[in-house]
Amino acid sequence: MMLVRWLAVAALLCTGRPSIAGDVAFAVQVKDGPFMQYRVEQPMQIADRVLDATVVRLSGDEWELTLAPKDEAISAVWFPWAPDRTTSAPDLRVAAVYYPFLLGVAVKASLLTEWGWQGNVYPGGCFAPLVVLADDTDARMVAATNWPPRRVTPMYSLGRIGLRYDEHLDPGARRSYRALVVHGRSTRWEPSWQRAVDVYKNWLKAHLAAAGLQPSYPSWMRSIHGWLNVQLENMPVWEAARVEATWQRWKSSLPWMQFWGQMSGYYTRGLSRPEEAGCCLDTPHLHRRYEPGLVRLARVVRQEGHVGFYARPRSPYAPLVSPETAAPTEEWKILAEWLERNRSKYGANAVYLDVVGGRDFGDPFRVATLLKKEFDGGTVIERGVDLYPTAFLASGALGGGSWQGGPERTRAQVDGTLTRTTFPSFGRYVLDDRVLFLGESNGDGRWWGSGGNYWTERQAFLLGAKFDVIRTTENGQPDGPANPALSSAIAARNANKWWERDPVYLDRRGLDQIPADVDIRRFRGRSGETLLVVDNWHARRDLRVTIDDRSQALPDDRLSIVVLPGPG
């Protein structure tokens with residue numbers, strides 16, 4: 001997905017009051033008129049020919065802007081706005097922009113363009129309404145804290161970050177905007193970007209709890225290691241027995257069989273037209289080639305596990321909830337009928353919804369409420385939104401298409417040879433306790449298996465994600481040699497009762513002297529215990545790591561988990 005670009009030329013800006021150094025600023029686009037910027041030194045009221053406005057600090061790092069246009073409508077509001085470019089803290093020569101696209105991306109800050117604004121809308125394009133600019137020492141973050149949350153576009157350009165609301169305000173209309181404006185400094189054990197993000201995470205979790213929108217994952221969802229992803233449209237010959245053989249072998253570890261393409265014949269690349277074949281056609285009807293074998297197989301699967309069929313809102317995409325009444329729309333009713341068909345006619349007892357987290361389907365709070373009301377906590381949607389109380393399919397976030405992620409590239413500190421990349425640790429840290437599925441879908445299968453040195457499997461293990469598995473074996477045959485990385489990861493998790501511990505992702509907090517060729521991530525368990533997830537793929541021996549100033553031995557196993565007791 002391409003980021004929407006907004007251009008603002010400094011020479012064309014109109015200033016609402018004399019320039020003064022301050023903590024926050026805001027700006028408005030007058031409809032068919034000038035772009036006006038306003039600097040704020042302290043809580044204050046502003047009145048000019050364009051608007052009346054009040055800016056107040058609510059508490060700590062949170063600010064509120066309330067404004068009303070006078071004689072002319074306003075078409076966009078920036079709050080906060082950045083009239084001045086950051087030059088020293090963070091240092092743009094070594095800083096990166098961390099952006100909530102996919103599961104996180106990073107851009108070399110110094111290569112951005114003056115006033116060359118880039119961004120994407122939340123929700124849909126962004127999983128959280130924030131953006132961070134950080135170097136190794138300092139970080140600046142802006143994050144929208146409206147409640148209920150609203151559509152907003154986190155934006156960035158050279159040395160600037162801000163939040164843009166594309167809202168039409170008629171003269172006399174009054175609207176408020178809230179935001180965190182945070183400066184975080186790194187500590188010995190925590191990077192500056194995490195220190196900044198912590199402020200937003202604390203705010204979000206408190207509001208989700210108060211609104212009853214925390215995820216409520218059922219026990220079966222918490223305990224599974226992932227799902228078997230069956231791409232029906234990619235099978236030249238449909239053989240139910242072959243698929244069942246895979247199920248029988250892996251059902252204890254991957255007890256959800258999720259089908260794509262049940263509405264499609266075989267998809268021959270370059271020959272089949274998209275409206276005739278593909279994983280994700282806009283029709284709820286079962287293709288004739290799967291009758292009756294697929295429904296019979298679904299009955300077998302659901303006796304001991306879960307089975308799901310592809311579904312999504314129809315395109316062109318439209319709101320699922322009415323902006324006027326908050327009632328479900330006709331689009332929602334059509335989707336609900338598709339899901340009911342999957343359940344009653346085809347035997348589904350699990351739900352996957354494609355595109356829901358990656359598109360704008362209406363007021364975010366109302367969509368979140370709809371998901372909470374209409375689905376149990378075992379529902380999975382494609383891509384994440386911090387407000388939505390479901391599990392997320394995050395596959396595709398490792399490579400990221402044009403973001404050029406991959407082995408040796410998923411690191412925050414981009415340098416002269418790496419101008420931009422995916423950085424899934426950023427999103428995982430924001431969504432630290434959420435159920436994620438990560439694996440072969442959406443392009444990340446290129447690093448799955450021996451051909452990719454099992455890098456996708458290892459990343460899913462490190463990030464505490466459930467596995468999205470298309471190929472369980474080395475040769476693709478149901479009875480072939482098991483994928484060693486997948487098997488090792490599952491064995492390590494079983495041995496340490498991983499899912500029972502409700503792990504929360506801490507990234508590399510408190511870790512030092514990590515051995516070369518080894519990757520380690522830290523989690524916190526439900527009883528306060530420390531969980532170290534270790535990727536020692538070359539099986540180096542006699543390794544140690546420093547954690548909170550204590551030396552800790554590491555296993556020789558390729559993939560392992562170390563459990564350290566918590567306080568008390």
# chains A, B, ... in the order shown; residues from 1 in each chain; ligands from 1

$ closest_atom_pairs --of "segment 58-84 of chain A" --to "segment 171-186 of chain A" --cutoff "6 Å" --atoms "only C-alpha atoms" --output "CSV"
residue,atom,partner,partner_atom,distance
A:Asp61,CA,A:Leu180,CA,5.3
A:Glu62,CA,A:Leu180,CA,4.4
A:Trp63,CA,A:Ala179,CA,5.5
A:Glu64,CA,A:Arg178,CA,4.4
A:Leu65,CA,A:Tyr177,CA,5.1
A:Thr66,CA,A:Ser176,CA,4.2
A:Leu67,CA,A:Arg174,CA,5.7
A:Ala68,CA,A:Arg174,CA,4.5
A:Pro69,CA,A:Pro171,CA,4.7
A:Lys70,CA,A:Pro171,CA,4.9
A:Asp71,CA,A:Pro171,CA,5.5
A:Glu72,CA,A:Pro171,CA,5.7
A:Ala73,CA,A:Pro171,CA,5.3

$ residues_around --residues "segment 414-430 of chain A" --least-positions-apart "6" --cutoff "9 Å" --atoms "only C-alpha atoms" --output "PDB file with C-alpha atoms, in the first residue's frame"
ATOM      1  CA  VAL A  94      21.093   9.272  12.565  1.00  0.00           C
ATOM      2  CA  ALA A  95      17.369   9.305  13.372  1.00  0.00           C
ATOM      3  CA  ALA A  96      14.593   7.174  11.928  1.00  0.00           C
ATOM      4  CA  TYR A  98       8.895   4.751  13.040  1.00  0.00           C
ATOM      5  CA  TYR A  99       5.511   4.433  11.387  1.00  0.00           C
ATOM      6  CA  PRO A 100       2.534   2.144  12.213  1.00  0.00           C
ATOM      7  CA  PHE A 101       2.079   0.624   8.752  1.00  0.00           C
ATOM      8  CA  LEU A 102       1.810  -3.193   8.428  1.00  0.00           C
ATOM      9  CA  LEU A 103       3.487  -4.244  11.701  1.00  0.00           C
ATOM     10  CA  GLY A 104       5.849  -1.279  11.696  1.00  0.00           C
ATOM     11  CA  VAL A 105       8.226   0.349   9.217  1.00  0.00           C
ATOM     12  CA  ALA A 106      11.289   2.564   9.617  1.00  0.00           C
ATOM     13  CA  VAL A 107      12.544   5.356   7.335  1.00  0.00           C
ATOM     14  CA  LYS A 108      15.915   7.120   7.402  1.00  0.00           C
ATOM     15  CA  ALA A 109      14.914  10.597   8.569  1.00  0.00           C
ATOM     16  CA  LEU A 111      16.514  11.396   3.367  1.00  0.00           C
ATOM     17  CA  PHE A 127      -2.608   0.129  13.178  1.00  0.00           C
ATOM     18  CA  ALA A 128      -2.260   2.977  15.699  1.00  0.00           C
ATOM     19  CA  TRP A 193      11.250   5.035  20.901  1.00  0.00           C
ATOM     20  CA  GLN A 194       9.929   2.531  23.426  1.00  0.00           C
ATOM     21  CA  VAL A 197       5.445   4.579  22.940  1.00  0.00           C
ATOM     22  CA  ASP A 198       4.930   3.458  26.552  1.00  0.00           C
ATOM     23  CA  TYR A 200       0.480   5.846  24.476  1.00  0.00           C
ATOM     24  CA  LYS A 201       0.214   2.158  25.439  1.00  0.00           C
ATOM     25  CA  ASP A 386      -5.064  -1.320  18.191  1.00  0.00           C
ATOM     26  CA  ALA A 397       4.633  -7.546   7.550  1.00  0.00           C
ATOM     27  CA  LEU A 398       8.116  -9.053   7.322  1.00  0.00           C
ATOM     28  CA  GLY A 399       8.738  -8.356   3.633  1.00  0.00           C
ATOM     29  CA  GLY A 400       6.354  -5.450   3.312  1.00  0.00           C
ATOM     30  CA  SER A 402       8.151  -1.934  -1.430  1.00  0.00           C
ATOM     31  CA  TRP A 403       9.350  -1.526   2.173  1.00  0.00           C
ATOM     32  CA  GLN A 404      12.002  -4.111   1.313  1.00  0.00           C
ATOM     33  CA  GLY A 405      12.093  -6.010   4.575  1.00  0.00           C
ATOM     34  CA  GLY A 406      13.809  -9.362   4.904  1.00  0.00           C
ATOM     35  CA  LEU A 436      -0.941 -12.406  16.065  1.00  0.00           C
ATOM     36  CA  LEU A 463       7.798 -12.164  18.062  1.00  0.00           C
ATOM     37  CA  GLY A 464       5.571 -14.557  19.998  1.00  0.00           C
ATOM     38  CA  VAL A 504       3.694  -9.778  26.885  1.00  0.00           C
ATOM     39  CA  TYR A 505       6.334  -8.602  24.403  1.00  0.00           C
ATOM     40  CA  LEU A 506       9.164  -6.435  25.794  1.00  0.00           C
ATOM     41  CA  ASP A 507      11.506  -6.621  22.769  1.00  0.00           C
TER      42      ASP A 507
END

$ residues_around --residues "Gln45 of chain A" --least-positions-apart "3" --cutoff "7 Å" --atoms "only C-alpha atoms" --output "CSV table (one decimal) with N, CA and C atoms, in the first residue's frame"
chain,number,residue,atom,x,y,z
A,53,ALA,N,-10.2,29.6,19.1
A,53,ALA,CA,-9.6,28.3,19.5
A,53,ALA,C,-9.1,28.4,21.0
A,54,THR,N,-9.0,27.3,21.6
A,54,THR,CA,-8.4,27.2,22.9
A,54,THR,C,-7.5,25.9,23.0
A,55,VAL,N,-6.3,26.1,23.5
A,55,VAL,CA,-5.4,25.0,23.6
A,55,VAL,C,-5.1,24.9,25.1

$ residues_around --residues "Leu320 of chain A" --least-positions-apart "3" --cutoff "12 Å" --atoms "only C-alpha atoms" --output "PDB file with N, CA and C atoms, in the first residue's frame"
ATOM      1  N   ARG A 312     -15.003 -11.837   3.396  1.00  0.00           N
ATOM      2  CA  ARG A 312     -14.620 -10.431   3.518  1.00  0.00           C
ATOM      3  C   ARG A 312     -15.797  -9.559   3.121  1.00  0.00           C
ATOM      4  N   PRO A 313     -15.763  -8.281   3.509  1.00  0.00           N
ATOM      5  CA  PRO A 313     -16.757  -7.346   2.979  1.00  0.00           C
ATOM      6  C   PRO A 313     -16.629  -7.254   1.465  1.00  0.00           C
ATOM      7  N   ARG A 314     -17.755  -7.022   0.795  1.00  0.00           N
ATOM      8  CA  ARG A 314     -17.704  -6.942  -0.656  1.00  0.00           C
ATOM      9  C   ARG A 314     -17.069  -5.623  -1.088  1.00  0.00           C
ATOM     10  N   TYR A 317     -15.330  -1.272  -1.097  1.00  0.00           N
ATOM     11  CA  TYR A 317     -15.561  -1.318   0.335  1.00  0.00           C
ATOM     12  C   TYR A 317     -16.325  -0.084   0.810  1.00  0.00           C
ATOM     13  N   PRO A 323     -22.853   6.012   9.728  1.00  0.00           N
ATOM     14  CA  PRO A 323     -22.301   7.191  10.410  1.00  0.00           C
ATOM     15  C   PRO A 323     -23.375   7.994  11.132  1.00  0.00           C
ATOM     16  N   THR A 325     -26.563   6.555  12.469  1.00  0.00           N
ATOM     17  CA  THR A 325     -27.295   5.840  13.517  1.00  0.00           C
ATOM     18  C   THR A 325     -26.452   4.825  14.278  1.00  0.00           C
ATOM     19  N   ALA A 326     -25.257   4.528  13.793  1.00  0.00           N
ATOM     20  CA  ALA A 326     -24.372   3.501  14.361  1.00  0.00           C
ATOM     21  C   ALA A 326     -24.918   2.094  14.167  1.00  0.00           C
ATOM     22  N   ALA A 327     -26.000   1.953  13.403  1.00  0.00           N
ATOM     23  CA  ALA A 327     -26.557   0.631  13.131  1.00  0.00           C
ATOM     24  C   ALA A 327     -25.747  -0.054  12.034  1.00  0.00           C
ATOM     25  N   PRO A 328     -25.742  -1.397  12.028  1.00  0.00           N
ATOM     26  CA  PRO A 328     -25.064  -2.100  10.937  1.00  0.00           C
ATOM     27  C   PRO A 328     -25.655  -1.722   9.586  1.00  0.00           C
ATOM     28  N   THR A 329     -24.804  -1.580   8.602  1.00  0.00           N
ATOM     29  CA  THR A 329     -25.240  -1.187   7.267  1.00  0.00           C
ATOM     30  C   THR A 329     -25.604  -2.421   6.434  1.00  0.00           C
ATOM     31  N   GLU A 330     -26.067  -2.161   5.216  1.00  0.00           N
ATOM     32  CA  GLU A 330     -26.356  -3.253   4.292  1.00  0.00           C
ATOM     33  C   GLU A 330     -25.089  -4.055   3.985  1.00  0.00           C
ATOM     34  N   GLU A 331     -23.941  -3.368   3.953  1.00  0.00           N
ATOM     35  CA  GLU A 331     -22.685  -4.066   3.710  1.00  0.00           C
ATOM     36  C   GLU A 331     -22.410  -5.087   4.809  1.00  0.00           C
ATOM     37  N   TRP A 332     -22.704  -4.695   6.039  1.00  0.00           N
ATOM     38  CA  TRP A 332     -22.519  -5.623   7.143  1.00  0.00           C
ATOM     39  C   TRP A 332     -23.477  -6.810   7.016  1.00  0.00           C
ATOM     40  N   LYS A 333     -24.708  -6.555   6.633  1.00  0.00           N
ATOM     41  CA  LYS A 333     -25.682  -7.639   6.520  1.00  0.00           C
ATOM     42  C   LYS A 333     -25.263  -8.651   5.453  1.00  0.00           C
ATOM     43  N   ILE A 334     -24.691  -8.153   4.357  1.00  0.00           N
ATOM     44  CA  ILE A 334     -24.219  -9.054   3.299  1.00  0.00           C
ATOM     45  C   ILE A 334     -23.063  -9.907   3.810  1.00  0.00           C
ATOM     46  N   LEU A 335     -22.135  -9.295   4.561  1.00  0.00           N
ATOM     47  CA  LEU A 335     -21.026 -10.042   5.149  1.00  0.00           C
ATOM     48  C   LEU A 335     -21.551 -11.075   6.145  1.00  0.00           C
ATOM     49  N   ALA A 336     -22.524 -10.689   6.959  1.00  0.00           N
ATOM     50  CA  ALA A 336     -23.088 -11.610   7.943  1.00  0.00           C
ATOM     51  C   ALA A 336     -23.745 -12.808   7.259  1.00  0.00           C
ATOM     52  N   VAL A 356     -10.321  -6.526   6.834  1.00  0.00           N
ATOM     53  CA  VAL A 356     -11.038  -5.677   7.804  1.00  0.00           C
ATOM     54  C   VAL A 356     -10.088  -4.749   8.554  1.00  0.00           C
ATOM     55  N   ARG A 359      -8.417  -1.766   5.888  1.00  0.00           N
ATOM     56  CA  ARG A 359      -9.238  -0.800   5.159  1.00  0.00           C
ATOM     57  C   ARG A 359     -10.057   0.027   6.143  1.00  0.00           C
ATOM     58  N   ASP A 360     -10.576   1.136   5.656  1.00  0.00           N
ATOM     59  CA  ASP A 360     -11.412   2.005   6.476  1.00  0.00           C
ATOM     60  C   ASP A 360     -12.864   1.585   6.280  1.00  0.00           C
ATOM     61  N   PHE A 361     -13.472   1.009   7.321  1.00  0.00           N
ATOM     62  CA  PHE A 361     -14.854   0.551   7.241  1.00  0.00           C
ATOM     63  C   PHE A 361     -15.801   1.379   8.104  1.00  0.00           C
ATOM     64  N   GLY A 362     -15.418   2.611   8.364  1.00  0.00           N
ATOM     65  CA  GLY A 362     -16.305   3.499   9.102  1.00  0.00           C
ATOM     66  C   GLY A 362     -15.701   3.936  10.420  1.00  0.00           C
ATOM     67  N   ASP A 363     -16.516   4.621  11.213  1.00  0.00           N
ATOM     68  CA  ASP A 363     -16.092   5.124  12.509  1.00  0.00           C
ATOM     69  C   ASP A 363     -15.385   4.020  13.297  1.00  0.00           C
ATOM     70  N   PRO A 364     -14.120   4.235  13.687  1.00  0.00           N
ATOM     71  CA  PRO A 364     -13.344   3.143  14.291  1.00  0.00           C
ATOM     72  C   PRO A 364     -13.931   2.608  15.585  1.00  0.00           C
ATOM     73  N   PHE A 365     -14.485   3.480  16.424  1.00  0.00           N
ATOM     74  CA  PHE A 365     -15.063   3.008  17.681  1.00  0.00           C
ATOM     75  C   PHE A 365     -16.295   2.151  17.423  1.00  0.00           C
ATOM     76  N   ARG A 366     -17.106   2.545  16.441  1.00  0.00           N
ATOM     77  CA  ARG A 366     -18.302   1.764  16.132  1.00  0.00           C
ATOM     78  C   ARG A 366     -17.948   0.434  15.486  1.00  0.00           C
ATOM     79  N   VAL A 367     -16.914   0.416  14.656  1.00  0.00           N
ATOM     80  CA  VAL A 367     -16.475  -0.850  14.082  1.00  0.00           C
ATOM     81  C   VAL A 367     -15.948  -1.761  15.179  1.00  0.00           C
ATOM     82  N   ALA A 368     -15.160  -1.217  16.104  1.00  0.00           N
ATOM     83  CA  ALA A 368     -14.653  -2.021  17.217  1.00  0.00           C
ATOM     84  C   ALA A 368     -15.794  -2.584  18.045  1.00  0.00           C
ATOM     85  N   THR A 369     -16.797  -1.769  18.312  1.00  0.00           N
ATOM     86  CA  THR A 369     -17.948  -2.220  19.088  1.00  0.00           C
ATOM     87  C   THR A 369     -18.709  -3.311  18.349  1.00  0.00           C
ATOM     88  N   LEU A 370     -18.837  -3.173  17.038  1.00  0.00           N
ATOM     89  CA  LEU A 370     -19.503  -4.189  16.227  1.00  0.00           C
ATOM     90  C   LEU A 370     -18.744  -5.513  16.293  1.00  0.00           C
ATOM     91  N   LEU A 371     -17.427  -5.455  16.178  1.00  0.00           N
ATOM     92  CA  LEU A 371     -16.624  -6.674  16.261  1.00  0.00           C
ATOM     93  C   LEU A 371     -16.757  -7.332  17.636  1.00  0.00           C
TER      94      LEU A 371
END

$ residues_around --residues "Ile514 of chain A" --least-positions-apart "4" --cutoff "12 Å" --atoms "only C-alpha atoms" --output "list in words"
Arg508, Arg509, Gly510, Val518, Asp519, Ile520, Arg521, Leu532, Val534, Asp535, Asn536, Leu543, Arg544, Val545, Thr546, Ile547, Ser551, Gln552, Ala553 and Leu554 of chain A

$ write_last_selection --atoms "C-alpha atoms" --output "PDB file, in the first residue's frame"
ATOM      1  CA  ARG A 508      15.138  -6.486  24.012  1.00  0.00           C
ATOM      2  CA  ARG A 509      14.548  -4.541  27.214  1.00  0.00           C
ATOM      3  CA  GLY A 510      17.303  -5.173  29.744  1.00  0.00           C
ATOM      4  CA  VAL A 518      21.952 -15.000  17.978  1.00  0.00           C
ATOM      5  CA  ASP A 519      18.674 -13.129  18.353  1.00  0.00           C
ATOM      6  CA  ILE A 520      16.833 -12.867  21.666  1.00  0.00           C
ATOM      7  CA  ARG A 521      13.545 -11.243  22.665  1.00  0.00           C
ATOM      8  CA  LEU A 532      13.704 -15.207  26.903  1.00  0.00           C
ATOM      9  CA  VAL A 534      16.247 -17.437  21.766  1.00  0.00           C
ATOM     10  CA  ASP A 535      17.078 -17.959  18.088  1.00  0.00           C
ATOM     11  CA  ASN A 536      20.473 -19.708  18.078  1.00  0.00           C
ATOM     12  CA  LEU A 543      26.685 -18.927  25.124  1.00  0.00           C
ATOM     13  CA  ARG A 544      25.645 -16.339  27.691  1.00  0.00           C
ATOM     14  CA  VAL A 545      23.683 -13.098  27.653  1.00  0.00           C
ATOM     15  CA  THR A 546      23.460 -10.277  30.181  1.00  0.00           C
ATOM     16  CA  ILE A 547      19.958  -9.507  31.435  1.00  0.00           C
ATOM     17  CA  SER A 551      24.820 -13.167  33.295  1.00  0.00           C
ATOM     18  CA  GLN A 552      22.540 -15.891  31.982  1.00  0.00           C
ATOM     19  CA  ALA A 553      23.511 -19.109  30.206  1.00  0.00           C
ATOM     20  CA  LEU A 554      21.713 -19.886  26.953  1.00  0.00           C
TER      21      LEU A 554
END

$ closest_residue --among "A:Leu58, A:Ala350, A:Leu531, A:Ile46" --to "Pro218 of chain A" --atoms "only C-alpha atoms"
A:Ala350

$ atom_distance --atom1 "atom CA of Ala209 of chain A" --atom2 "atom CA of Leu393 of chain A"
23.0 Å

$ select_by_dssp --residues "segment 303-382 of chain A" --states "strand (DSSP E)" --output "PyMOL selection string"
chain A and resi 306-309+352-353+380-382

$ residues_around --residues "Ala394 of chain A" --least-positions-apart "2" --cutoff "6 Å" --atoms "only C-alpha atoms" --output "count of residues only"
5

$ closest_residue --among "A:Leu387, A:Ile561, A:Leu254, A:Ala492" --to "Asn229 of chain A" --atoms "only C-alpha atoms"
A:Leu254

$ atom_distance --atom1 "atom CA of Arg57 of chain A" --atom2 "atom CA of Arg164 of chain A"
19.3 Å

$ select_by_dssp --residues "segment 277-333 of chain A" --states "alpha helix (DSSP H)" --output "PyMOL selection string"
chain A and resi 293-304+330-333

$ atom_distance --atom1 "atom CA of Gly439 of chain A" --atom2 "atom CA of Phe467 of chain A"
5.5 Å

$ closest_residue --among "A:Glu291, A:Glu457, A:Glu167, A:Asp432" --to "Arg524 of chain A" --atoms "only C-alpha atoms"
A:Asp432

$ decode --residues "segment 361-377 of chain A" --atoms "C-alpha atoms" --output "PDB file, in the first residue's frame"
ATOM      1  CA  PHE A 361     -14.854   0.551   7.241  1.00  0.00           C
ATOM      2  CA  GLY A 362     -16.305   3.499   9.102  1.00  0.00           C
ATOM      3  CA  ASP A 363     -16.092   5.124  12.509  1.00  0.00           C
ATOM      4  CA  PRO A 364     -13.344   3.143  14.291  1.00  0.00           C
ATOM      5  CA  PHE A 365     -15.063   3.008  17.681  1.00  0.00           C
ATOM      6  CA  ARG A 366     -18.302   1.764  16.132  1.00  0.00           C
ATOM      7  CA  VAL A 367     -16.475  -0.850  14.082  1.00  0.00           C
ATOM      8  CA  ALA A 368     -14.653  -2.021  17.217  1.00  0.00           C
ATOM      9  CA  THR A 369     -17.948  -2.220  19.088  1.00  0.00           C
ATOM     10  CA  LEU A 370     -19.503  -4.189  16.227  1.00  0.00           C
ATOM     11  CA  LEU A 371     -16.624  -6.674  16.261  1.00  0.00           C
ATOM     12  CA  LYS A 372     -16.943  -7.068  20.032  1.00  0.00           C
ATOM     13  CA  LYS A 373     -20.711  -7.557  19.886  1.00  0.00           C
ATOM     14  CA  GLU A 374     -21.036  -9.803  16.845  1.00  0.00           C
ATOM     15  CA  PHE A 375     -17.981 -12.069  17.164  1.00  0.00           C
ATOM     16  CA  ASP A 376     -16.307 -14.068  19.873  1.00  0.00           C
ATOM     17  CA  GLY A 377     -12.708 -13.379  20.744  1.00  0.00           C
TER      18      GLY A 377
END
